[in-house]
$ cat data_16.pdb   # PDB, C-alpha atoms
MODEL        1
ATOM      1  CA  MET A1034       7.924 -19.407 -18.557  1.00  0.00           C
ATOM      2  CA  LYS A1035      10.036 -16.260 -18.305  1.00  0.00           C
ATOM      3  CA  VAL A1036      10.184 -14.583 -14.897  1.00  0.00           C
ATOM      4  CA  GLY A1037      11.445 -11.014 -14.691  1.00  0.00           C
ATOM      5  CA  ILE A1038      13.267 -10.100 -11.476  1.00  0.00           C
ATOM      6  CA  LEU A1039      12.923  -6.383 -10.728  1.00  0.00           C
ATOM      7  CA  ALA A1040      15.961  -5.822  -8.499  1.00  0.00           C
ATOM      8  CA  ALA A1041      15.105  -2.893  -6.223  1.00  0.00           C
ATOM      9  CA  GLY A1042      18.153  -3.444  -4.021  1.00  0.00           C
ATOM     10  CA  ILE A1043      21.273  -5.501  -3.576  1.00  0.00           C
ATOM     11  CA  THR A1044      23.123  -7.332  -0.835  1.00  0.00           C
ATOM     12  CA  PRO A1045      25.587  -5.177   1.172  1.00  0.00           C
ATOM     13  CA  ASP A1046      28.957  -5.054  -0.612  1.00  0.00           C
ATOM     14  CA  SER A1047      30.746  -6.998   2.136  1.00  0.00           C
ATOM     15  CA  LEU A1048      28.259  -9.899   1.856  1.00  0.00           C
ATOM     16  CA  LEU A1049      27.857 -10.011  -1.906  1.00  0.00           C
ATOM     17  CA  PRO A1050      30.795 -12.349  -2.698  1.00  0.00           C
ATOM     18  CA  GLU A1051      29.591 -15.035  -0.270  1.00  0.00           C
ATOM     19  CA  PHE A1052      25.815 -14.779  -0.598  1.00  0.00           C
ATOM     20  CA  GLY A1053      25.152 -13.220  -3.996  1.00  0.00           C
ATOM     21  CA  SER A1054      22.472 -10.655  -4.780  1.00  0.00           C
ATOM     22  CA  TYR A1055      18.830 -10.719  -3.723  1.00  0.00           C
ATOM     23  CA  ALA A1056      17.869 -11.266  -7.347  1.00  0.00           C
ATOM     24  CA  GLY A1057      20.375 -14.115  -7.572  1.00  0.00           C
ATOM     25  CA  MET A1058      18.944 -15.749  -4.469  1.00  0.00           C
ATOM     26  CA  PHE A1059      15.510 -15.900  -6.114  1.00  0.00           C
ATOM     27  CA  VAL A1060      16.890 -17.160  -9.412  1.00  0.00           C
ATOM     28  CA  THR A1061      18.518 -20.052  -7.540  1.00  0.00           C
ATOM     29  CA  LEU A1062      15.630 -20.888  -5.210  1.00  0.00           C
ATOM     30  CA  LEU A1063      12.777 -20.543  -7.708  1.00  0.00           C
ATOM     31  CA  GLY A1064      14.834 -22.344 -10.345  1.00  0.00           C
ATOM     32  CA  GLN A1065      15.119 -25.309  -7.989  1.00  0.00           C
ATOM     33  CA  GLN A1066      11.315 -25.428  -7.766  1.00  0.00           C
ATOM     34  CA  ALA A1067      10.523 -25.084 -11.465  1.00  0.00           C
ATOM     35  CA  ALA A1068      12.901 -26.325 -14.157  1.00  0.00           C
ATOM     36  CA  ASP A1069      10.852 -24.556 -16.846  1.00  0.00           C
ATOM     37  CA  PHE A1070      11.442 -21.089 -15.349  1.00  0.00           C
ATOM     38  CA  GLU A1071      13.922 -18.827 -17.112  1.00  0.00           C
ATOM     39  CA  PHE A1072      14.927 -15.495 -15.647  1.00  0.00           C
ATOM     40  CA  GLU A1073      15.905 -11.986 -16.642  1.00  0.00           C
ATOM     41  CA  ILE A1074      17.092  -9.446 -14.069  1.00  0.00           C
ATOM     42  CA  PHE A1075      16.356  -5.724 -14.371  1.00  0.00           C
ATOM     43  CA  ASP A1076      18.282  -3.415 -12.002  1.00  0.00           C
ATOM     44  CA  VAL A1077      15.439  -0.944 -11.603  1.00  0.00           C
ATOM     45  CA  ARG A1078      17.197   1.112  -8.920  1.00  0.00           C
ATOM     46  CA  GLU A1079      19.736   1.951 -11.654  1.00  0.00           C
ATOM     47  CA  GLY A1080      16.957   2.814 -14.091  1.00  0.00           C
ATOM     48  CA  VAL A1081      17.090  -0.465 -16.017  1.00  0.00           C
ATOM     49  CA  PHE A1082      13.479  -1.330 -16.891  1.00  0.00           C
ATOM     50  CA  PRO A1083      11.803  -3.655 -19.394  1.00  0.00           C
ATOM     51  CA  THR A1084      10.332  -1.984 -22.469  1.00  0.00           C
ATOM     52  CA  SER A1085       6.924  -3.273 -21.376  1.00  0.00           C
ATOM     53  CA  ALA A1086       5.338  -5.734 -18.968  1.00  0.00           C
ATOM     54  CA  ASP A1087       4.934  -8.179 -21.847  1.00  0.00           C
ATOM     55  CA  VAL A1088       8.702  -8.785 -21.972  1.00  0.00           C
ATOM     56  CA  CYS A1089       8.202 -11.497 -19.325  1.00  0.00           C
ATOM     57  CA  ASP A1090       5.369 -13.818 -18.333  1.00  0.00           C
ATOM     58  CA  ALA A1091       5.651 -13.172 -14.593  1.00  0.00           C
ATOM     59  CA  TRP A1092       7.408 -10.715 -12.298  1.00  0.00           C
ATOM     60  CA  LEU A1093       9.038 -10.499  -8.851  1.00  0.00           C
ATOM     61  CA  ILE A1094      10.164  -7.365  -6.995  1.00  0.00           C
ATOM     62  CA  THR A1095      12.973  -7.821  -4.465  1.00  0.00           C
ATOM     63  CA  GLY A1096      13.772  -6.140  -1.193  1.00  0.00           C
ATOM     64  CA  SER A1097      15.708  -2.889  -0.955  1.00  0.00           C
ATOM     65  CA  ARG A1098      17.362  -0.619   1.578  1.00  0.00           C
ATOM     66  CA  SER A1099      15.357   2.256   0.046  1.00  0.00           C
ATOM     67  CA  ASN A1100      12.080   3.585   1.427  1.00  0.00           C
ATOM     68  CA  VAL A1101       8.948   3.642  -0.734  1.00  0.00           C
ATOM     69  CA  TYR A1102       7.913   7.096   0.514  1.00  0.00           C
ATOM     70  CA  GLU A1103      11.134   8.613  -0.847  1.00  0.00           C
ATOM     71  CA  ALA A1104       9.289   8.509  -4.187  1.00  0.00           C
ATOM     72  CA  LEU A1105      12.516   8.540  -6.201  1.00  0.00           C
ATOM     73  CA  PRO A1106      12.181   8.698 -10.005  1.00  0.00           C
ATOM     74  CA  TRP A1107      12.909   4.969 -10.430  1.00  0.00           C
ATOM     75  CA  MET A1108      10.232   4.157  -7.857  1.00  0.00           C
ATOM     76  CA  LEU A1109       7.644   6.203  -9.749  1.00  0.00           C
ATOM     77  CA  THR A1110       8.562   4.336 -12.932  1.00  0.00           C
ATOM     78  CA  LEU A1111       8.280   1.059 -11.017  1.00  0.00           C
ATOM     79  CA  ASN A1112       4.823   2.100  -9.785  1.00  0.00           C
ATOM     80  CA  ASP A1113       3.731   2.568 -13.392  1.00  0.00           C
ATOM     81  CA  LEU A1114       5.116  -0.865 -14.307  1.00  0.00           C
ATOM     82  CA  ILE A1115       3.303  -2.468 -11.354  1.00  0.00           C
ATOM     83  CA  ARG A1116       0.022  -0.992 -12.542  1.00  0.00           C
ATOM     84  CA  GLU A1117       0.700  -2.253 -16.074  1.00  0.00           C
ATOM     85  CA  ILE A1118       1.467  -5.771 -14.797  1.00  0.00           C
ATOM     86  CA  ASP A1119      -1.695  -5.656 -12.689  1.00  0.00           C
ATOM     87  CA  ALA A1120      -3.829  -4.492 -15.628  1.00  0.00           C
ATOM     88  CA  ASN A1121      -2.439  -7.398 -17.669  1.00  0.00           C
ATOM     89  CA  LYS A1122      -3.254  -9.795 -14.795  1.00  0.00           C
ATOM     90  CA  GLN A1123       0.284 -11.182 -14.999  1.00  0.00           C
ATOM     91  CA  PRO A1124       1.688 -13.044 -11.981  1.00  0.00           C
ATOM     92  CA  LEU A1125       3.510 -10.649  -9.639  1.00  0.00           C
ATOM     93  CA  VAL A1126       5.340 -11.405  -6.379  1.00  0.00           C
ATOM     94  CA  GLY A1127       6.591  -8.719  -3.990  1.00  0.00           C
ATOM     95  CA  ILE A1128       9.089  -9.290  -1.181  1.00  0.00           C
ATOM     96  CA  CYS A1129       9.701  -6.737   1.634  1.00  0.00           C
ATOM     97  CA  PHE A1130      10.236  -3.496  -0.347  1.00  0.00           C
ATOM     98  CA  GLY A1131       8.438  -5.221  -3.222  1.00  0.00           C
ATOM     99  CA  HIS A1132       5.511  -5.960  -0.894  1.00  0.00           C
ATOM    100  CA  GLN A1133       5.456  -2.322   0.143  1.00  0.00           C
ATOM    101  CA  ILE A1134       5.761  -0.657  -3.271  1.00  0.00           C
ATOM    102  CA  ILE A1135       3.038  -2.854  -4.757  1.00  0.00           C
ATOM    103  CA  ALA A1136       0.737  -1.708  -1.940  1.00  0.00           C
ATOM    104  CA  ASP A1137       1.803   1.885  -2.571  1.00  0.00           C
ATOM    105  CA  ALA A1138       1.155   1.622  -6.321  1.00  0.00           C
ATOM    106  CA  LEU A1139      -2.291   0.094  -5.793  1.00  0.00           C
ATOM    107  CA  GLY A1140      -3.632   2.531  -3.219  1.00  0.00           C
ATOM    108  CA  GLY A1141      -2.121   1.546   0.150  1.00  0.00           C
ATOM    109  CA  LYS A1142       0.130   3.444   2.551  1.00  0.00           C
ATOM    110  CA  VAL A1143       3.658   2.601   3.699  1.00  0.00           C
ATOM    111  CA  ALA A1144       5.333   4.212   6.728  1.00  0.00           C
ATOM    112  CA  LYS A1145       7.871   3.606   9.460  1.00  0.00           C
ATOM    113  CA  PHE A1146       6.340   1.337  12.082  1.00  0.00           C
ATOM    114  CA  ASP A1147       6.004   2.846  15.561  1.00  0.00           C
ATOM    115  CA  GLY A1148       7.115  -0.483  17.013  1.00  0.00           C
ATOM    116  CA  GLY A1149      10.568  -0.150  15.462  1.00  0.00           C
ATOM    117  CA  TRP A1150      12.608  -2.766  13.635  1.00  0.00           C
ATOM    118  CA  GLY A1151      11.618  -6.326  12.868  1.00  0.00           C
ATOM    119  CA  VAL A1152      14.823  -8.403  12.910  1.00  0.00           C
ATOM    120  CA  GLY A1153      15.482 -12.138  12.975  1.00  0.00           C
ATOM    121  CA  ILE A1154      13.056 -14.989  12.366  1.00  0.00           C
ATOM    122  CA  HIS A1155       9.399 -13.971  12.657  1.00  0.00           C
ATOM    123  CA  GLN A1156       6.398 -16.260  12.885  1.00  0.00           C
ATOM    124  CA  TYR A1157       3.327 -15.379  10.832  1.00  0.00           C
ATOM    125  CA  GLN A1158      -0.210 -16.693  11.183  1.00  0.00           C
ATOM    126  CA  THR A1159      -2.314 -17.433   8.095  1.00  0.00           C
ATOM    127  CA  MET A1160      -5.928 -16.324   7.947  1.00  0.00           C
ATOM    128  CA  PRO A1161      -8.581 -19.082   8.115  1.00  0.00           C
ATOM    129  CA  GLY A1162     -10.302 -19.668   4.807  1.00  0.00           C
ATOM    130  CA  ILE A1163      -7.947 -17.359   2.936  1.00  0.00           C
ATOM    131  CA  ALA A1164      -4.623 -19.215   2.977  1.00  0.00           C
ATOM    132  CA  SER A1165      -5.523 -21.366  -0.010  1.00  0.00           C
ATOM    133  CA  VAL A1166      -5.948 -18.236  -2.165  1.00  0.00           C
ATOM    134  CA  ALA A1167      -2.199 -17.705  -2.009  1.00  0.00           C
ATOM    135  CA  GLY A1168      -1.366 -21.340  -2.654  1.00  0.00           C
ATOM    136  CA  LEU A1169      -0.747 -22.224   0.984  1.00  0.00           C
ATOM    137  CA  THR A1170      -2.491 -25.333   2.241  1.00  0.00           C
ATOM    138  CA  GLU A1171      -5.217 -24.893   4.807  1.00  0.00           C
ATOM    139  CA  LYS A1172      -3.142 -27.013   7.183  1.00  0.00           C
ATOM    140  CA  LEU A1173      -0.329 -24.432   7.237  1.00  0.00           C
ATOM    141  CA  THR A1174      -1.697 -22.193   9.971  1.00  0.00           C
ATOM    142  CA  GLU A1175       1.644 -20.447  10.519  1.00  0.00           C
ATOM    143  CA  PHE A1176       5.074 -20.129   8.966  1.00  0.00           C
ATOM    144  CA  SER A1177       8.415 -18.673  10.015  1.00  0.00           C
ATOM    145  CA  ILE A1178      10.782 -16.731   7.743  1.00  0.00           C
ATOM    146  CA  CYS A1179      13.459 -14.080   8.201  1.00  0.00           C
ATOM    147  CA  ALA A1180      12.535 -10.425   8.654  1.00  0.00           C
ATOM    148  CA  MET A1181      14.562  -7.234   8.256  1.00  0.00           C
ATOM    149  CA  HIS A1182      12.471  -4.076   8.133  1.00  0.00           C
ATOM    150  CA  GLN A1183      11.214  -0.978   9.891  1.00  0.00           C
ATOM    151  CA  ASP A1184       8.766   0.200   7.231  1.00  0.00           C
ATOM    152  CA  GLN A1185       5.419  -1.552   6.919  1.00  0.00           C
ATOM    153  CA  VAL A1186       2.215  -1.447   4.914  1.00  0.00           C
ATOM    154  CA  VAL A1187       0.206   0.449   7.516  1.00  0.00           C
ATOM    155  CA  ASP A1188      -2.916   0.749   5.345  1.00  0.00           C
ATOM    156  CA  LYS A1189      -3.474  -2.022   2.824  1.00  0.00           C
ATOM    157  CA  PRO A1190      -5.161  -1.283  -0.513  1.00  0.00           C
ATOM    158  CA  SER A1191      -8.909  -1.861  -0.277  1.00  0.00           C
ATOM    159  CA  ARG A1192      -8.807  -4.630  -2.889  1.00  0.00           C
ATOM    160  CA  ALA A1193      -5.981  -6.509  -1.136  1.00  0.00           C
ATOM    161  CA  THR A1194      -6.831  -9.488   1.073  1.00  0.00           C
ATOM    162  CA  ARG A1195      -4.635 -10.138   4.099  1.00  0.00           C
ATOM    163  CA  PHE A1196      -3.555 -13.783   4.276  1.00  0.00           C
ATOM    164  CA  ALA A1197      -0.729 -13.575   6.829  1.00  0.00           C
ATOM    165  CA  GLN A1198      -0.097 -11.459   9.908  1.00  0.00           C
ATOM    166  CA  SER A1199       1.836 -11.307  13.165  1.00  0.00           C
ATOM    167  CA  ARG A1200       1.671  -9.234  16.321  1.00  0.00           C
ATOM    168  CA  PHE A1201       4.530  -7.148  14.930  1.00  0.00           C
ATOM    169  CA  CYS A1202       3.256  -6.842  11.347  1.00  0.00           C
ATOM    170  CA  GLU A1203      -0.481  -6.737  10.688  1.00  0.00           C
ATOM    171  CA  ASN A1204      -0.241  -6.760   6.887  1.00  0.00           C
ATOM    172  CA  ALA A1205       2.508  -9.362   6.531  1.00  0.00           C
ATOM    173  CA  GLY A1206       1.019 -11.161   3.529  1.00  0.00           C
ATOM    174  CA  LEU A1207      -1.355  -9.740   0.934  1.00  0.00           C
ATOM    175  CA  VAL A1208      -3.030 -11.215  -2.123  1.00  0.00           C
ATOM    176  CA  TYR A1209      -4.670  -9.231  -4.912  1.00  0.00           C
ATOM    177  CA  ASP A1210      -7.237 -11.109  -6.967  1.00  0.00           C
ATOM    178  CA  GLN A1211      -5.595 -14.304  -8.262  1.00  0.00           C
ATOM    179  CA  HIS A1212      -2.361 -12.889  -9.709  1.00  0.00           C
ATOM    180  CA  ILE A1213      -0.463 -10.854  -7.092  1.00  0.00           C
ATOM    181  CA  VAL A1214       0.960 -12.125  -3.803  1.00  0.00           C
ATOM    182  CA  THR A1215       3.279 -10.182  -1.493  1.00  0.00           C
ATOM    183  CA  LEU A1216       5.193 -10.883   1.716  1.00  0.00           C
ATOM    184  CA  GLN A1217       6.854  -8.558   4.198  1.00  0.00           C
ATOM    185  CA  GLY A1218       9.323 -11.251   5.281  1.00  0.00           C
ATOM    186  CA  HIS A1219      12.230 -12.735   3.346  1.00  0.00           C
ATOM    187  CA  PRO A1220      11.815 -16.391   2.318  1.00  0.00           C
ATOM    188  CA  GLU A1221      15.004 -16.063   0.248  1.00  0.00           C
ATOM    189  CA  PHE A1222      17.172 -15.377   3.326  1.00  0.00           C
ATOM    190  CA  SER A1223      19.016 -18.277   4.941  1.00  0.00           C
ATOM    191  CA  LYS A1224      19.896 -18.400   8.625  1.00  0.00           C
ATOM    192  CA  ALA A1225      23.538 -17.826   7.724  1.00  0.00           C
ATOM    193  CA  TYR A1226      22.724 -14.710   5.710  1.00  0.00           C
ATOM    194  CA  GLU A1227      20.338 -13.291   8.311  1.00  0.00           C
ATOM    195  CA  SER A1228      22.948 -13.782  11.048  1.00  0.00           C
ATOM    196  CA  VAL A1229      25.681 -11.973   9.143  1.00  0.00           C
ATOM    197  CA  LEU A1230      23.281  -9.222   8.042  1.00  0.00           C
ATOM    198  CA  ILE A1231      22.278  -8.603  11.672  1.00  0.00           C
ATOM    199  CA  ASP A1232      25.950  -8.252  12.617  1.00  0.00           C
ATOM    200  CA  THR A1233      26.550  -5.925   9.667  1.00  0.00           C
ATOM    201  CA  LEU A1234      23.678  -3.575  10.537  1.00  0.00           C
ATOM    202  CA  LYS A1235      24.074  -3.704  14.338  1.00  0.00           C
ATOM    203  CA  GLY A1236      24.734  -0.240  15.721  1.00  0.00           C
ATOM    204  CA  GLN A1237      23.986   1.381  12.357  1.00  0.00           C
ATOM    205  CA  SER A1238      20.372   0.658  11.495  1.00  0.00           C
ATOM    206  CA  PHE A1239      19.312  -0.686  14.884  1.00  0.00           C
ATOM    207  CA  SER A1240      20.623  -1.085  18.426  1.00  0.00           C
ATOM    208  CA  ALA A1241      22.770  -3.864  19.834  1.00  0.00           C
ATOM    209  CA  HIS A1242      19.776  -4.949  21.928  1.00  0.00           C
ATOM    210  CA  ILE A1243      17.555  -5.449  18.870  1.00  0.00           C
ATOM    211  CA  ALA A1244      20.432  -7.241  17.153  1.00  0.00           C
ATOM    212  CA  GLU A1245      20.800  -9.569  20.135  1.00  0.00           C
ATOM    213  CA  GLN A1246      17.083 -10.411  20.102  1.00  0.00           C
ATOM    214  CA  GLY A1247      17.206 -11.053  16.369  1.00  0.00           C
ATOM    215  CA  ALA A1248      20.267 -13.274  16.647  1.00  0.00           C
ATOM    216  CA  GLU A1249      18.612 -15.245  19.448  1.00  0.00           C
ATOM    217  CA  SER A1250      15.577 -15.957  17.250  1.00  0.00           C
ATOM    218  CA  VAL A1251      17.819 -17.143  14.413  1.00  0.00           C
ATOM    219  CA  ALA A1252      19.548 -19.544  16.774  1.00  0.00           C
ATOM    220  CA  SER A1253      16.362 -20.926  18.333  1.00  0.00           C
ATOM    221  CA  CYS A1254      13.733 -20.942  15.547  1.00  0.00           C
ATOM    222  CA  GLU A1255      13.324 -23.122  12.483  1.00  0.00           C
ATOM    223  CA  LEU A1256      12.726 -21.670   9.024  1.00  0.00           C
ATOM    224  CA  ASP A1257       9.807 -22.566   6.758  1.00  0.00           C
ATOM    225  CA  SER A1258      11.472 -20.872   3.796  1.00  0.00           C
ATOM    226  CA  PRO A1259      11.464 -23.963   1.519  1.00  0.00           C
ATOM    227  CA  VAL A1260       7.675 -24.372   1.759  1.00  0.00           C
ATOM    228  CA  VAL A1261       7.129 -20.631   1.207  1.00  0.00           C
ATOM    229  CA  ILE A1262       9.417 -20.577  -1.846  1.00  0.00           C
ATOM    230  CA  ALA A1263       7.552 -23.605  -3.189  1.00  0.00           C
ATOM    231  CA  MET A1264       4.264 -21.774  -2.587  1.00  0.00           C
ATOM    232  CA  LEU A1265       5.530 -18.762  -4.558  1.00  0.00           C
ATOM    233  CA  ALA A1266       6.644 -20.957  -7.464  1.00  0.00           C
ATOM    234  CA  ASP A1267       3.260 -22.726  -7.494  1.00  0.00           C
ATOM    235  CA  PHE A1268       1.456 -19.399  -7.320  1.00  0.00           C
ATOM    236  CA  ILE A1269       3.393 -18.027 -10.315  1.00  0.00           C
ATOM    237  CA  LYS A1270       2.652 -21.140 -12.374  1.00  0.00           C
ATOM    238  CA  ALA A1271      -1.032 -21.227 -11.442  1.00  0.00           C
ATOM    239  CA  ALA A1272      -1.566 -17.518 -12.095  1.00  0.00           C
ATOM    240  CA  HIS A1273       0.181 -17.805 -15.452  1.00  0.00           C
ATOM    241  CA  GLN A1274      -1.922 -20.807 -16.486  1.00  0.00           C
ATOM    242  CA  ALA A1275      -5.110 -19.012 -15.453  1.00  0.00           C
ATOM    243  CA  ARG A1276      -4.126 -16.007 -17.554  1.00  0.00           C
ATOM    244  CA  ILE A1277      -3.418 -17.938 -20.732  1.00  0.00           C
ATOM    245  CA  ALA A1278      -6.277 -20.440 -20.398  1.00  0.00           C
TER
ENDMDL
END
$ encode --input "data_16.pdb" --output "structure tokens"
Amino acid sequence: MKVGILAAGITPDSLLPEFGSYAGMFVTLLGQQAADFEFEIFDVREGVFPTSADVCDAWLITGSRSNVYEALPWMLTLNDLIREIDANKQPLVGICFGHQIIADALGGKVAKFDGGWGVGIHQYQTMPGIASVAGLTEKLTEFSICAMHQDQVVDKPSRATRFAQSRFCENAGLVYDQHIVTLQGHPEFSKAYESVLIDTLKGQSFSAHIAEQGAESVASCELDSPVVIAMLADFIKAAHQARIA
């Protein structure tokens, strides 16, 4: 199965040599879960797009430092591609910015959250009776992954079902029918990367106080990233099989 990575952003220059790109993180982590996955990366923020959605079997949109409501030309093109992927019922995963722009393309609203920045490791609760839709087991009532955002999906699309939330982020996980799943948090981020990213953005994007709180959560909380990455890989495979059956 060929998975297209739509790279909407990249790791800060100072961190790129050690940690690689966001797209590269997903290639590594998803590749560890499914040996039959092959990948192609499209740098959509630089205007590099596939000729059509049919170029790949499944798609993933990464995080970005950009804001969906900027409505830059490449974002409008990405919106069109999202709607094409959706019409084809191809598997689609959205992470952070990807989560937000999919909601934007399908009728939701994204805005800066009045509560400010979400930084560090956040714990999300799954919704009873809905978790299995996204490939999570019913026993997984909560999961913890890294967060790094101020924007949120403040109004979800009417057809989207919320499957994860927190006190900080109401629409933290959304599923659309059986082929699209999106997360506000970052299952691809390691503790090491989140820690260095907090230090890099401290005093620029957010205050030293928020940075301190975020760093404290990284030090004290465990990550459930491996199980979430496995869930995403299983979701992609299941949605693809359902489409071609």
$ resolve_selection --input "data_16.pdb" --expression "the PyMOL selection byres ((chain A and resi 1217) around 7)" --output "MDAnalysis selection string"
chainID A and resid 1128:1129 1132 1205:1206 1215:1216 1218:1219
$ residues_near_point --input "data_16.pdb" --point "(11.5, -10.1, -9.9)" --cutoff "12 Å" --atoms "only C-alpha atoms" --output "PyMOL selection string"
chain A and resi 1035-1042+1055-1060+1063+1071-1077+1082-1083+1086+1089-1096+1111+1115+1118+1124-1128+1130-1132+1215+1265+1269
$ resolve_selection --input "data_16.pdb" --expression "the PyMOL selection byres ((chain A and resi 1229-1232) around 9)" --output "list in words"
Pro1045, Leu1048, Val1152, Gly1153, Met1181, Lys1224, Ala1225, Tyr1226, Glu1227, Ser1228, Thr1233, Leu1234, Lys1235, Gly1236, Ala1244, Glu1245, Gly1247 and Ala1248 of chain A
$ resolve_selection --input "data_16.pdb" --expression "the PyMOL selection byres ((chain A and resi 1274) around 12)" --output "list of chain:residue names"
A:Met1034, A:Asp1090, A:Ala1091, A:Lys1122, A:Gln1123, A:Pro1124, A:Gln1211, A:His1212, A:Asp1267, A:Phe1268, A:Ile1269, A:Lys1270, A:Ala1271, A:Ala1272, A:His1273, A:Ala1275, A:Arg1276, A:Ile1277, A:Ala1278
$ residues_near_point --input "data_16.pdb" --point "(5.3, -24.0, 7.5)" --cutoff "10 Å" --atoms "all atoms listed in the file" --output "list in words"
Gln1156, Tyr1157, Gln1158, Leu1169, Thr1170, Lys1172, Leu1173, Thr1174, Glu1175, Phe1176, Ser1177, Ile1178, Glu1255, Leu1256, Asp1257, Ser1258, Pro1259, Val1260 and Val1261 of chain A
$ closest_residue --input "data_16.pdb" --among "A:Ala1197, A:Met1160, A:Val1081, A:Leu1114" --to "A:Ala1138" --atoms "only C-alpha atoms"
A:Leu1114
$ atom_distance --input "data_16.pdb" --atom1 "atom CA of A:Pro1190" --atom2 "atom CA of A:Leu1105"
21.0 Å
$ closest_residue --input "data_16.pdb" --among "A:Arg1098, A:Arg1200, A:Arg1116, A:Arg1192" --to "A:Ser1085" --atoms "all atoms listed in the file"
A:Arg1116
$ atom_distance --input "data_16.pdb" --atom1 "atom CA of A:Ile1043" --atom2 "atom CA of A:Phe1222"
12.7 Å
$ atom_distance --input "data_16.pdb" --atom1 "atom CA of A:Ala1136" --atom2 "atom CA of A:Ser1054"
23.7 Å
$ axis_aligned_box --input "data_16.pdb" --around "stretch 1249-1256 of chain A" --padding-each-side "8 Å" --output "lines of an AutoDock Vina configuration file"
center_x = 16.1
center_y = -19.2
center_z = 14.2
size_x = 22.8
size_y = 23.9
size_z = 26.4
$ decode --input "data_16.pdb" --residues "stretch 1230-1242 of chain A" --atoms "N, CA, C and O atoms" --output "mmCIF file, in the first residue's frame"
data_model
loop_
_atom_site.group_PDB
_atom_site.id
_atom_site.type_symbol
_atom_site.label_atom_id
_atom_site.label_comp_id
_atom_site.auth_asym_id
_atom_site.auth_seq_id
_atom_site.Cartn_x
_atom_site.Cartn_y
_atom_site.Cartn_z
ATOM 1 N N LEU A 1230 11.839 21.216 21.575
ATOM 2 C CA LEU A 1230 10.946 22.153 20.893
ATOM 3 C C LEU A 1230 10.411 23.198 21.864
ATOM 4 O O LEU A 1230 10.320 24.393 21.525
ATOM 5 N N ILE A 1231 10.064 22.790 23.077
ATOM 6 C CA ILE A 1231 9.610 23.740 24.097
ATOM 7 C C ILE A 1231 10.692 24.774 24.369
ATOM 8 O O ILE A 1231 10.424 25.988 24.418
ATOM 9 N N ASP A 1232 11.926 24.332 24.520
ATOM 10 C CA ASP A 1232 13.036 25.261 24.761
ATOM 11 C C ASP A 1232 13.237 26.207 23.579
ATOM 12 O O ASP A 1232 13.524 27.393 23.764
ATOM 13 N N THR A 1233 13.060 25.686 22.379
ATOM 14 C CA THR A 1233 13.258 26.487 21.167
ATOM 15 C C THR A 1233 12.210 27.588 21.049
ATOM 16 O O THR A 1233 12.531 28.721 20.644
ATOM 17 N N LEU A 1234 10.974 27.283 21.415
ATOM 18 C CA LEU A 1234 9.872 28.236 21.227
ATOM 19 C C LEU A 1234 9.604 29.103 22.454
ATOM 20 O O LEU A 1234 8.841 30.065 22.381
ATOM 21 N N LYS A 1235 10.252 28.775 23.577
ATOM 22 C CA LYS A 1235 10.057 29.537 24.818
ATOM 23 C C LYS A 1235 10.437 31.000 24.614
ATOM 24 O O LYS A 1235 11.504 31.307 24.098
ATOM 25 N N GLY A 1236 9.536 31.894 25.004
ATOM 26 C CA GLY A 1236 9.811 33.316 24.874
ATOM 27 C C GLY A 1236 9.546 33.873 23.484
ATOM 28 O O GLY A 1236 9.610 35.088 23.286
ATOM 29 N N GLN A 1237 9.252 32.984 22.528
ATOM 30 C CA GLN A 1237 8.912 33.437 21.175
ATOM 31 C C GLN A 1237 7.423 33.208 20.917
ATOM 32 O O GLN A 1237 6.672 34.150 20.707
ATOM 33 N N SER A 1238 7.029 31.947 20.949
ATOM 34 C CA SER A 1238 5.623 31.621 20.717
ATOM 35 C C SER A 1238 4.804 31.679 22.000
ATOM 36 O O SER A 1238 3.616 32.010 21.973
ATOM 37 N N PHE A 1239 5.418 31.332 23.119
ATOM 38 C CA PHE A 1239 4.701 31.330 24.389
ATOM 39 C C PHE A 1239 5.656 31.708 25.514
ATOM 40 O O PHE A 1239 6.876 31.740 25.346
ATOM 41 N N SER A 1240 5.084 32.006 26.676
ATOM 42 C CA SER A 1240 5.853 32.513 27.809
ATOM 43 C C SER A 1240 6.702 31.439 28.473
ATOM 44 O O SER A 1240 6.490 30.237 28.276
ATOM 45 N N ALA A 1241 7.649 31.909 29.292
ATOM 46 C CA ALA A 1241 8.496 30.995 30.050
ATOM 47 C C ALA A 1241 7.661 30.173 31.026
ATOM 48 O O ALA A 1241 7.967 29.008 31.296
ATOM 49 N N HIS A 1242 6.578 30.748 31.530
ATOM 50 C CA HIS A 1242 5.715 30.028 32.469
ATOM 51 C C HIS A 1242 5.032 28.843 31.780
ATOM 52 O O HIS A 1242 4.993 27.734 32.330
#
